[in-house]
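File shown: structure_14.cif (mmCIF, C-alpha atoms and all ligand atoms).
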```cif
data_upload
loop_
_atom_site.label_atom_id
_atom_site.label_comp_id
_atom_site.auth_asym_id
_atom_site.auth_seq_id
_atom_site.Cartn_x
_atom_site.Cartn_y
_atom_site.Cartn_z
CA MET F 427 137.51 110.25 92.92
CA LYS F 428 138.15 111.79 89.53
CA LYS F 429 138.09 108.86 87.11
CA PHE F 430 137.29 105.33 88.20
CA LYS F 431 136.11 101.97 86.93
CA PHE F 432 133.02 100.21 88.19
CA ILE F 433 131.11 96.99 87.65
CA ASP F 434 127.31 96.74 87.68
CA LEU F 435 125.97 93.43 89.04
CA PHE F 436 122.25 92.54 88.81
CA ALA F 437 122.38 95.46 86.44
CA GLY F 438 118.70 95.72 85.39
CA ILE F 439 118.43 98.82 83.25
CA GLY F 440 121.41 100.47 84.90
CA GLY F 441 120.35 102.73 87.77
CA PHE F 442 123.81 102.21 89.25
CA HIS F 443 125.39 102.69 85.84
CA LEU F 444 123.90 106.16 85.43
CA ALA F 445 124.84 107.22 88.96
CA MET F 446 128.45 106.05 88.59
CA GLU F 447 128.82 107.56 85.14
CA GLN F 448 127.55 110.92 86.41
CA LEU F 449 130.25 110.77 89.11
CA GLY F 450 133.02 110.13 86.56
CA GLY F 451 132.98 106.32 86.46
CA LYS F 452 133.45 104.03 83.48
CA CYS F 453 131.61 100.71 83.36
CA VAL F 454 133.96 97.77 82.68
CA PHE F 455 131.52 94.92 83.28
CA ALA F 456 127.79 94.38 83.77
CA SER F 457 125.86 91.22 84.63
CA GLU F 458 122.16 90.60 83.97
CA ILE F 459 120.04 87.65 82.89
CA ASP F 460 116.72 89.25 81.92
CA LYS F 461 116.49 89.39 78.13
CA PHE F 462 114.63 92.71 78.03
CA CYS F 463 116.95 94.43 80.51
CA ILE F 464 119.97 93.19 78.53
CA GLU F 465 118.50 94.77 75.38
CA ARG F 466 117.90 98.11 77.14
CA TYR F 467 121.37 98.05 78.64
CA LYS F 468 122.96 97.54 75.23
CA GLU F 469 120.79 100.19 73.61
CA ASN F 470 121.46 102.84 76.26
CA TYR F 471 125.07 102.18 77.22
CA GLY F 472 126.49 100.06 74.38
CA ILE F 473 127.49 97.33 76.83
CA ASP F 474 126.68 93.65 76.60
CA ALA F 475 125.46 92.70 80.09
CA ASP F 476 124.48 89.16 79.12
CA TYR F 477 126.39 87.36 81.88
CA ASP F 478 124.83 85.19 84.53
CA ILE F 479 126.67 85.96 87.76
CA THR F 480 126.46 82.32 88.82
CA LYS F 481 128.31 81.21 85.69
CA ILE F 482 131.20 83.65 85.50
CA ASN F 483 134.71 83.04 86.73
CA PRO F 484 135.46 85.89 89.19
CA GLU F 485 139.04 86.00 87.91
CA ASP F 486 137.68 86.98 84.46
CA VAL F 487 135.92 90.08 85.83
CA PRO F 488 137.97 93.15 84.83
CA GLU F 489 139.81 95.11 87.51
CA HIS F 490 137.61 97.84 89.01
CA ASP F 491 137.48 100.41 91.80
CA VAL F 492 133.80 100.19 92.67
CA LEU F 493 131.51 97.15 92.81
CA CYS F 494 127.80 97.99 92.56
CA GLY F 495 124.82 95.68 92.85
CA GLY F 496 121.24 95.43 94.04
CA PHE F 497 121.09 91.75 94.95
CA PRO F 498 117.98 89.81 95.99
CA CYS F 499 117.36 89.44 99.71
CA GLN F 500 117.55 85.71 100.45
CA THR F 501 117.58 83.78 103.70
CA PHE F 502 120.91 82.20 104.51
CA SER F 503 120.87 78.62 105.61
CA LYS F 504 120.28 78.09 109.33
CA ALA F 505 122.80 75.28 109.00
CA GLY F 506 125.26 78.08 108.35
CA LYS F 507 125.38 78.68 112.05
CA GLN F 508 127.06 75.32 112.47
CA LYS F 509 130.80 75.34 112.34
CA GLY F 510 132.53 74.70 109.06
CA PHE F 511 129.55 75.28 106.77
CA ASP F 512 129.68 78.20 104.40
CA GLU F 513 126.36 79.91 105.09
CA THR F 514 126.22 82.08 101.97
CA ARG F 515 126.88 79.29 99.48
CA GLY F 516 124.01 78.95 97.03
CA THR F 517 122.72 82.51 97.49
CA LEU F 518 123.34 85.25 94.96
CA PHE F 519 125.26 87.20 97.60
CA PHE F 520 127.87 84.42 97.49
CA TYR F 521 128.76 85.36 93.90
CA ILE F 522 129.38 88.98 94.89
CA GLU F 523 131.62 87.73 97.65
CA LYS F 524 133.62 85.61 95.20
CA ILE F 525 134.30 88.69 93.05
CA LEU F 526 135.31 90.72 96.12
CA ILE F 527 137.79 88.02 97.14
CA ALA F 528 139.24 87.82 93.63
CA LYS F 529 139.33 91.55 92.77
CA LYS F 530 139.30 93.53 96.04
CA PRO F 531 137.76 96.73 94.64
CA LYS F 532 138.24 99.76 96.87
CA TYR F 533 134.53 100.49 97.32
CA ILE F 534 131.30 98.50 97.48
CA ILE F 535 127.79 99.89 97.05
CA LEU F 536 125.00 97.35 97.49
CA GLU F 537 121.31 98.12 97.51
CA ASN F 538 118.50 96.11 99.00
CA VAL F 539 114.92 96.17 100.29
CA ARG F 540 114.04 98.07 103.46
CA ASN F 541 113.57 95.01 105.62
CA LEU F 542 117.03 93.55 105.01
CA VAL F 543 118.12 94.55 108.52
CA SER F 544 115.19 92.81 110.23
CA HIS F 545 115.06 89.94 107.70
CA ASP F 546 115.32 86.48 109.31
CA ASN F 547 115.47 88.09 112.79
CA GLY F 548 118.53 90.11 111.92
CA ASN F 549 120.50 87.06 110.83
CA THR F 550 120.67 88.09 107.15
CA TRP F 551 122.40 91.41 107.94
CA LYS F 552 124.68 89.73 110.51
CA VAL F 553 125.84 87.16 107.95
CA ILE F 554 126.32 89.74 105.18
CA LYS F 555 128.27 91.99 107.53
CA LYS F 556 130.49 89.18 108.75
CA HIS F 557 131.25 88.03 105.23
CA LEU F 558 131.99 91.47 103.85
CA GLN F 559 134.24 92.21 106.81
CA SER F 560 136.09 88.96 106.30
CA CYS F 561 136.66 90.04 102.68
CA GLY F 562 138.48 93.09 104.11
CA TYR F 563 135.72 95.75 104.05
CA ARG F 564 134.94 98.39 106.61
CA LEU F 565 131.20 99.04 106.81
CA THR F 566 128.72 101.25 108.59
CA GLU F 567 127.25 99.47 111.62
CA TYR F 568 123.88 99.23 109.91
CA PRO F 569 123.06 99.86 106.25
CA LEU F 570 121.89 103.37 105.44
CA ILE F 571 118.15 103.74 104.96
CA ILE F 572 117.21 106.29 102.35
CA SER F 573 114.27 107.19 100.14
CA PRO F 574 114.12 109.46 97.05
CA HIS F 575 111.69 111.83 98.83
CA GLN F 576 114.50 112.71 101.25
CA ILE F 577 116.54 114.19 98.41
CA GLY F 578 113.71 116.00 96.65
CA VAL F 579 112.33 113.31 94.33
CA PRO F 580 108.60 112.79 94.99
CA GLN F 581 108.64 109.04 95.60
CA LEU F 582 108.38 107.21 98.93
CA ARG F 583 110.71 104.28 98.53
CA GLU F 584 112.80 103.32 101.51
CA ARG F 585 115.73 101.11 100.62
CA VAL F 586 118.89 100.09 102.38
CA VAL F 587 122.33 100.77 100.97
CA ILE F 588 125.39 98.92 102.19
CA LEU F 589 128.57 100.92 101.80
CA GLY F 590 132.07 99.57 102.29
CA ILE F 591 135.70 100.57 101.89
CA TYR F 592 138.48 98.03 101.43
CA ASP F 593 140.61 98.42 104.54
CA PRO F 594 141.50 94.96 105.86
CA GLU F 595 143.50 96.33 108.81
CA ASN F 596 140.47 98.19 110.20
CA VAL F 597 137.43 96.05 109.46
CA ASP F 598 136.41 96.26 113.12
CA LYS F 599 136.01 100.03 113.00
CA TYR F 600 132.66 101.18 111.66
CA LEU F 601 132.41 103.88 109.02
CA ASN F 602 130.51 106.89 110.25
CA ILE F 603 128.84 108.09 107.05
CA GLU F 604 126.36 110.96 107.37
CA LEU F 605 124.07 112.21 104.64
CA GLY F 606 123.46 115.72 105.95
CA LYS F 607 120.05 117.32 106.07
CA LEU F 608 117.33 115.28 104.41
CA LYS F 609 113.88 116.38 103.28
CA GLU F 610 110.47 115.39 104.62
CA LYS F 611 107.64 113.86 102.63
CA ASN F 612 105.70 117.13 102.54
CA ASP F 613 108.69 119.06 101.16
CA ASN F 614 107.96 117.37 97.82
CA SER F 615 105.45 117.85 95.05
CA ILE F 616 104.55 115.46 92.26
CA ASP F 617 104.53 118.49 89.94
CA ASP F 618 108.32 118.22 89.87
CA ILE F 619 108.19 115.13 87.67
CA LEU F 620 104.94 115.59 85.74
CA GLU F 621 104.81 116.08 82.00
CA THR F 622 102.36 118.88 81.41
CA ASP F 623 101.61 118.24 77.76
CA ASN F 624 102.52 115.89 74.96
CA TYR F 625 101.38 112.71 76.59
CA GLU F 626 99.74 110.01 74.55
CA LYS F 627 96.03 109.23 74.58
CA LYS F 628 96.62 105.78 76.06
CA TYR F 629 97.31 107.34 79.46
CA LYS F 630 93.86 108.98 79.70
CA ILE F 631 91.44 107.39 82.14
CA THR F 632 88.39 105.67 80.68
CA LYS F 633 84.90 107.20 80.61
CA GLN F 634 83.75 104.79 83.31
CA GLU F 635 86.76 105.59 85.50
CA GLU F 636 86.03 109.30 85.12
CA ARG F 637 82.39 108.73 86.02
CA VAL F 638 83.29 106.70 89.11
CA LEU F 639 85.78 109.30 90.30
CA SER F 640 83.35 112.17 89.63
CA ALA F 641 80.76 110.41 91.77
CA TRP F 642 83.20 109.98 94.66
CA ASP F 643 84.37 113.56 94.32
CA GLU F 644 80.78 114.66 94.69
CA PHE F 645 80.37 112.38 97.69
CA TYR F 646 83.46 113.78 99.39
CA LYS F 647 82.23 117.34 98.93
CA MET F 648 78.78 116.38 100.19
CA ILE F 649 79.87 115.19 103.65
CA ASP F 650 81.38 117.43 106.33
CA LEU F 651 83.88 114.82 107.38
CA LYS F 652 87.11 116.00 105.79
CA VAL F 653 89.56 113.61 107.41
CA ILE F 654 88.00 110.21 106.85
CA GLY F 655 89.60 107.62 109.07
CA PHE F 656 87.86 104.59 107.58
CA PRO F 657 87.06 103.27 104.10
CA ILE F 658 83.71 104.42 102.75
CA TRP F 659 81.94 101.31 101.65
CA ALA F 660 78.67 101.84 99.80
CA ASP F 661 77.85 98.13 100.08
CA TYR F 662 77.53 98.49 103.86
CA PHE F 663 75.61 101.75 104.20
CA ASP F 664 72.67 99.65 105.37
CA GLY F 665 74.80 98.28 108.22
CA HIS F 666 74.18 94.59 107.52
CA MET F 667 76.83 92.23 108.79
CA GLU F 668 77.45 88.58 109.40
CA GLU F 669 78.38 87.04 112.74
CA ASP F 670 81.70 85.74 111.49
CA PHE F 671 82.98 89.05 110.09
CA PRO F 672 86.30 90.03 111.67
CA GLN F 673 86.22 92.83 114.25
CA TRP F 674 87.85 95.42 111.96
CA LYS F 675 85.21 94.84 109.33
CA LYS F 676 82.39 95.14 111.82
CA GLN F 677 83.81 98.48 112.97
CA PHE F 678 84.05 99.79 109.41
CA ILE F 679 80.46 98.74 108.78
CA GLU F 680 79.21 100.47 111.93
CA LYS F 681 80.96 103.69 110.91
CA ASN F 682 79.58 103.47 107.38
CA HIS F 683 76.09 102.93 108.66
CA ALA F 684 76.40 105.88 111.07
CA LEU F 685 77.61 108.08 108.21
CA TYR F 686 74.70 106.95 106.08
CA VAL F 687 72.16 107.69 108.80
CA LEU F 688 73.63 111.18 109.25
CA TYR F 689 73.42 112.07 105.56
CA LYS F 690 70.62 109.74 104.55
CA SER F 691 68.70 111.94 102.14
CA SER F 692 71.81 113.25 100.34
CA ILE F 693 73.38 109.80 100.13
CA ASP F 694 70.15 108.27 98.83
CA ARG F 695 70.03 110.91 96.11
CA TRP F 696 73.68 110.29 95.30
CA LEU F 697 73.21 106.51 95.09
CA LYS F 698 70.32 106.98 92.71
CA LYS F 699 71.90 109.68 90.56
CA TRP F 700 75.07 107.69 89.86
CA LYS F 701 73.37 104.26 89.86
CA ILE F 702 76.11 103.11 92.23
CA TYR F 703 74.77 99.59 92.87
CA GLU F 704 73.80 99.03 89.25
CA THR F 705 76.84 100.36 87.38
CA PHE F 706 79.86 100.37 89.73
CA THR F 707 81.91 97.23 90.33
CA PRO F 708 82.33 96.14 93.99
CA THR F 709 85.81 97.68 94.22
CA GLN F 710 84.51 100.91 92.65
CA ARG F 711 81.98 101.11 95.48
CA LYS F 712 84.70 101.58 98.09
CA LEU F 713 86.76 104.71 98.74
CA GLU F 714 89.95 104.93 100.82
CA TRP F 715 90.66 108.60 101.43
CA GLN F 716 94.28 108.90 102.55
CA ALA F 717 94.83 112.56 101.79
CA GLY F 718 93.74 113.95 105.18
CA ASP F 719 92.45 117.48 104.73
CA SER F 720 95.31 118.48 102.41
CA ILE F 721 93.08 118.64 99.33
CA GLU F 722 89.49 119.70 98.77
CA SER F 723 88.74 117.62 95.73
CA LEU F 724 89.61 114.09 94.74
CA TRP F 725 90.86 115.54 91.45
CA ASP F 726 93.62 117.38 93.31
CA GLY F 727 95.16 114.15 94.57
CA PHE F 728 96.49 111.08 92.91
CA ILE F 729 94.37 108.02 92.73
CA GLN F 730 94.77 104.28 92.45
CA PHE F 731 92.14 101.73 91.48
CA ARG F 732 93.16 98.90 93.76
CA PRO F 733 91.50 95.53 94.38
CA SER F 734 90.66 96.85 97.87
CA GLY F 735 88.99 100.00 96.52
CA ILE F 736 89.77 103.46 95.19
CA ARG F 737 92.65 105.05 97.06
CA VAL F 738 93.22 108.81 97.08
CA LYS F 739 96.47 110.34 98.32
CA ALA F 740 97.89 113.83 98.68
CA PRO F 741 99.96 115.00 95.69
CA THR F 742 103.23 115.20 97.63
CA CYS F 743 104.83 111.83 96.94
CA PHE F 744 104.10 108.77 94.84
CA PRO F 745 104.23 105.35 96.50
CA ALA F 746 107.24 103.14 95.71
CA LEU F 747 107.22 102.40 92.00
CA VAL F 748 107.63 98.71 92.59
CA ALA F 749 104.15 98.43 94.07
CA MET F 750 102.63 99.99 90.99
CA VAL F 751 100.65 97.13 89.63
CA GLN F 752 97.88 99.68 89.40
CA VAL F 753 99.60 102.66 87.81
CA PRO F 754 98.48 105.79 89.72
CA ILE F 755 96.23 108.41 88.18
CA VAL F 756 97.22 112.05 88.31
CA GLY F 757 93.86 113.57 89.32
CA LYS F 758 94.24 117.00 87.79
CA TYR F 759 95.16 115.59 84.37
CA LYS F 760 92.73 112.66 84.49
CA ARG F 761 95.40 110.30 83.24
CA ARG F 762 97.82 107.69 84.49
CA LEU F 763 101.45 108.28 85.29
CA THR F 764 103.36 108.13 82.02
CA ILE F 765 106.38 105.90 81.52
CA ARG F 766 108.58 108.97 81.25
CA GLU F 767 107.26 110.12 84.63
CA ALA F 768 108.00 106.68 86.10
CA ALA F 769 111.54 107.12 84.75
CA ARG F 770 111.79 110.53 86.39
CA LEU F 771 110.63 109.09 89.71
CA GLN F 772 113.75 106.93 89.51
CA SER F 773 115.84 109.94 88.40
CA PHE F 774 116.54 108.43 84.97
CA PRO F 775 117.30 111.18 82.45
CA ASP F 776 114.79 112.09 79.75
CA ASP F 777 117.06 110.75 76.99
CA PHE F 778 116.96 107.23 78.47
CA ILE F 779 115.43 104.87 75.90
CA TYR F 780 112.81 102.76 77.62
CA ASP F 781 111.15 99.51 76.54
CA ASN F 782 108.48 99.68 73.82
CA ASN F 783 106.36 97.32 75.83
CA ASP F 784 104.58 99.34 78.56
CA TYR F 785 104.43 96.43 80.99
CA GLN F 786 108.18 95.81 80.69
CA ALA F 787 108.96 99.51 80.93
CA TYR F 788 106.98 100.08 84.18
CA LYS F 789 108.41 96.85 85.60
CA GLN F 790 112.00 97.77 84.78
CA PHE F 791 111.71 101.22 86.37
CA GLY F 792 109.95 99.62 89.33
CA ASN F 793 112.90 97.27 89.85
CA ALA F 794 115.56 99.90 89.32
CA VAL F 795 117.46 101.87 91.92
CA ASN F 796 116.85 105.59 92.11
CA VAL F 797 119.84 107.15 90.35
CA ASP F 798 120.04 110.26 92.55
CA VAL F 799 119.82 108.20 95.74
CA ILE F 800 122.82 106.14 94.63
CA LYS F 801 124.67 109.28 93.61
CA THR F 802 124.05 110.87 97.02
CA VAL F 803 125.26 107.89 99.04
CA SER F 804 128.19 107.22 96.70
CA GLU F 805 129.47 110.77 96.99
CA ALA F 806 129.31 110.45 100.77
CA LEU F 807 131.29 107.21 100.48
CA PHE F 808 133.92 108.47 98.04
CA ASN F 809 134.47 111.65 100.09
CA TYR F 810 134.55 109.81 103.40
CA LYS F 811 137.14 111.12 105.80
CA GLU F 812 137.69 109.88 109.30
CA SER F 813 136.71 112.45 111.90
CA GLU F 814 139.07 112.21 114.86
C1 LIG F 901 116.25 94.48 91.62
S1 LIG F 901 116.83 94.20 90.01
C2 LIG F 901 118.17 95.31 89.91
C3 LIG F 901 117.85 96.54 89.13
C4 LIG F 901 119.01 97.46 88.88
N1 LIG F 901 119.73 97.84 90.06
C5 LIG F 901 118.53 98.71 88.13
O1 LIG F 901 118.81 99.81 88.54
O2 LIG F 901 117.81 98.55 87.13
C6 LIG F 901 117.68 92.65 90.16
C7 LIG F 901 118.16 92.11 88.83
O3 LIG F 901 118.98 90.97 89.06
C8 LIG F 901 118.88 90.18 87.91
N2 LIG F 901 119.42 88.84 88.18
C9 LIG F 901 118.81 87.83 88.85
N3 LIG F 901 119.61 86.74 88.86
C10 LIG F 901 120.73 87.07 88.20
C11 LIG F 901 121.93 86.34 87.85
N4 LIG F 901 122.06 85.07 88.18
N5 LIG F 901 122.90 86.98 87.15
C12 LIG F 901 122.73 88.29 86.79
N6 LIG F 901 121.62 89.01 87.07
C13 LIG F 901 120.63 88.41 87.75
C14 LIG F 901 117.39 90.21 87.61
O4 LIG F 901 117.11 89.85 86.27
C15 LIG F 901 117.04 91.67 87.93
O5 LIG F 901 116.99 92.47 86.77
#
```
Will you turn the file into structure tokens for me?
Ligand SMILES: C[S@@+](CC[C@H](N)C(=O)[O-])C[C@H]1O[C@@H](n2cnc3c(N)ncnc32)[C@H](O)[C@@H]1O
Amino acid sequence: MKKFKFIDLFAGIGGFHLAMEQLGGKCVFASEIDKFCIERYKENYGIDADYDITKINPEDVPEHDVLCGGFPCQTFSKAGKQKGFDETRGTLFFYIEKILIAKKPKYIILENVRNLVSHDNGNTWKVIKKHLQSCGYRLTEYPLIISPHQIGVPQLRERVVILGIYDPENVDKYLNIELGKLKEKNDNSIDDILETDNYEKKYKITKQEERVLSAWDEFYKMIDLKVIGFPIWADYFDGHMEEDFPQWKKQFIEKNHALYVLYKSSIDRWLKKWKIYETFTPTQRKLEWQAGDSIESLWDGFIQFRPSGIRVKAPTCFPALVAMVQVPIVGKYKRRLTIREAARLQSFPDDFIYDNNDYQAYKQFGNAVNVDVIKTVSEALFNYKESE
């Protein structure tokens, strides 16, 4: 498609908007209810997105070629299975459907969480499929599952994308959309999105965090075990356990005790040197090494301080942004992921103006779609040709 018009529903900060624009699209309508997202949308694209999808008249939505939207995954009423009851009524999907019925855009691109297909024992996807088909859309049999790491962006974030073409005569025939060769997790490197200089002081880890991580780095280098298959838990080096501990915990404790016995004198020295029991919090006394033997030092990985302990991963891919309540630390720079880097993980361009409030900014990027993922699947959709 050369030039086309699109609408952006559940618009957030416009991941779909950027993807469509980069493919030649012009936004004619956007709908969003979050005050901060509406402000960012206006600031970045000059469009007022302040429309609640549940309150608009579908007839008032401008004509468009492509309908985009990442709608919340909700359970459709079980009562819907009874005859004569509209099962989508009341869900946000229902409002998309109303626009499709009124405007019949040629293409639909809908994004959702990974488990949409298995959600409610497969019923959610069945209902969505049935409704979209009855609106006149041809679909793929199952939604496409795709993650940014498969197209060279170092983030593991599997999402489903539902693609459809308006073709009421052929709704029974599935689209056979292929994405070509995709990359593996280890084909990526977080260096691709890192800012190497110019980041603000606020991203630096604290003195205590640095101390805690230095201690664990020393610990890791001290033991011969390079692939650690269990959390190292300083609180259980002595092997004490209660009767009612669950089995998994008892096993971890046994392994920790065995490790302690093996390296007793070094570990004792280490405990004393770093005053582990006196100065580390309980969660700082636990290490989850998930980097295999891919790195030799904790400082070569990226690290998260989680309620369950300190987690270290290989520097190939970041976890899905949405789960980033604890913003990851880039080991080699001893600082947290910057907001600009979070934007890059979602393939937002460097001139995108993000929220002044850090919490809002991380949250908005965490909720967004990855721009390049949407571009990749949309190109496959727009160029779709039937193979005989
Ligand atoms: C997962 S986010 C979508 C993010 C977006 N795709 C992006 O790239 O930034 C879902 C959005 O739907 C919005 N939303 C929820 N209910 C809505 C409604 N009734 N009308 C319009 N938007 C709504 C939320 O505020 C939220 O920002």
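Distances from F:Arg732, F:Arg711, F:Lys481, F:His557 to ligand LIG 901 (chain F) were compared using only C-alpha atoms and all ligand atoms, and the smallest one belongs to F:Lys481.
Of the listed residues (F:Val539, F:Ile525, F:Ile693, F:Ile779), F:Val539 comes nearest to ligand LIG 901 (chain F); the distances count all atoms listed in the file.
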Please give the centre and size of the box around segment 586-595 of chain F (axis-aligned, containing every atom listed in the file, 5 Å added per side), with values in Å to one decimal and written as lines of an AutoDock Vina configuration file.
```
center_x = 131.2
center_y = 97.9
center_z = 104.9
size_x = 34.6
size_y = 16.0
size_z = 17.8
```
Taking all atoms listed in the file into account, which residues have an atom no farther than 6 Å from ligand LIG 901 (chain F)? I'd like them as a short mmCIF file (atom, residue, chain, number, x, y, z; two decimals) with C-alpha atoms, in the coordinates of the input.
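So out_34.cif came out as:
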```
data_model
loop_
_atom_site.label_atom_id
_atom_site.label_comp_id
_atom_site.auth_asym_id
_atom_site.auth_seq_id
_atom_site.Cartn_x
_atom_site.Cartn_y
_atom_site.Cartn_z
CA PHE F 436 122.25 92.54 88.81
CA ALA F 437 122.38 95.46 86.44
CA GLY F 438 118.70 95.72 85.39
CA ILE F 439 118.43 98.82 83.25
CA GLY F 440 121.41 100.47 84.90
CA GLY F 441 120.35 102.73 87.77
CA PHE F 442 123.81 102.21 89.25
CA SER F 457 125.86 91.22 84.63
CA GLU F 458 122.16 90.60 83.97
CA ILE F 459 120.04 87.65 82.89
CA ASP F 460 116.72 89.25 81.92
CA ASP F 478 124.83 85.19 84.53
CA ILE F 479 126.67 85.96 87.76
CA THR F 480 126.46 82.32 88.82
CA GLY F 496 121.24 95.43 94.04
CA PHE F 497 121.09 91.75 94.95
CA ASN F 793 112.90 97.27 89.85
CA ALA F 794 115.56 99.90 89.32
CA VAL F 795 117.46 101.87 91.92
#
```
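Here atom CA of Arg583 of chain F stands at a distance of 29.6 Å from atom CA of Glu812 of chain F.
Distances here use only C-alpha atoms; by that measure, the residue among F:Phe671, F:Phe663, F:Tyr467, F:Trp715 closest to Asp694 of chain F is F:Phe663.
Between atom CA of Gly665 of chain F and atom CA of Ala684 of chain F the interatomic distance comes to 8.3 Å.
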Checklist line | For Lys627 of chain F, the nearest of the candidates F:Thr764, F:Asn602, F:Ser734, F:Lys532, counting all atoms listed in the file | finding: F:Thr764
Distance query Leu685 of chain F at most 10 Å, only C-alpha atoms, self and fewer than 5 positions along chain excluded, as a PDB file with C-alpha atoms, in the frame of the given file:
```
ATOM      1  CA  ILE F 649      79.870 115.190 103.650  1.00  0.00           C
ATOM      2  CA  LEU F 651      83.880 114.820 107.380  1.00  0.00           C
ATOM      3  CA  ILE F 658      83.710 104.420 102.750  1.00  0.00           C
ATOM      4  CA  PHE F 663      75.610 101.750 104.200  1.00  0.00           C
ATOM      5  CA  ILE F 679      80.460  98.740 108.780  1.00  0.00           C
ATOM      6  CA  GLU F 680      79.210 100.470 111.930  1.00  0.00           C
ATOM      7  CA  LYS F 690      70.620 109.740 104.550  1.00  0.00           C
ATOM      8  CA  ILE F 693      73.380 109.800 100.130  1.00  0.00           C
TER       9      ILE F 693
END
```
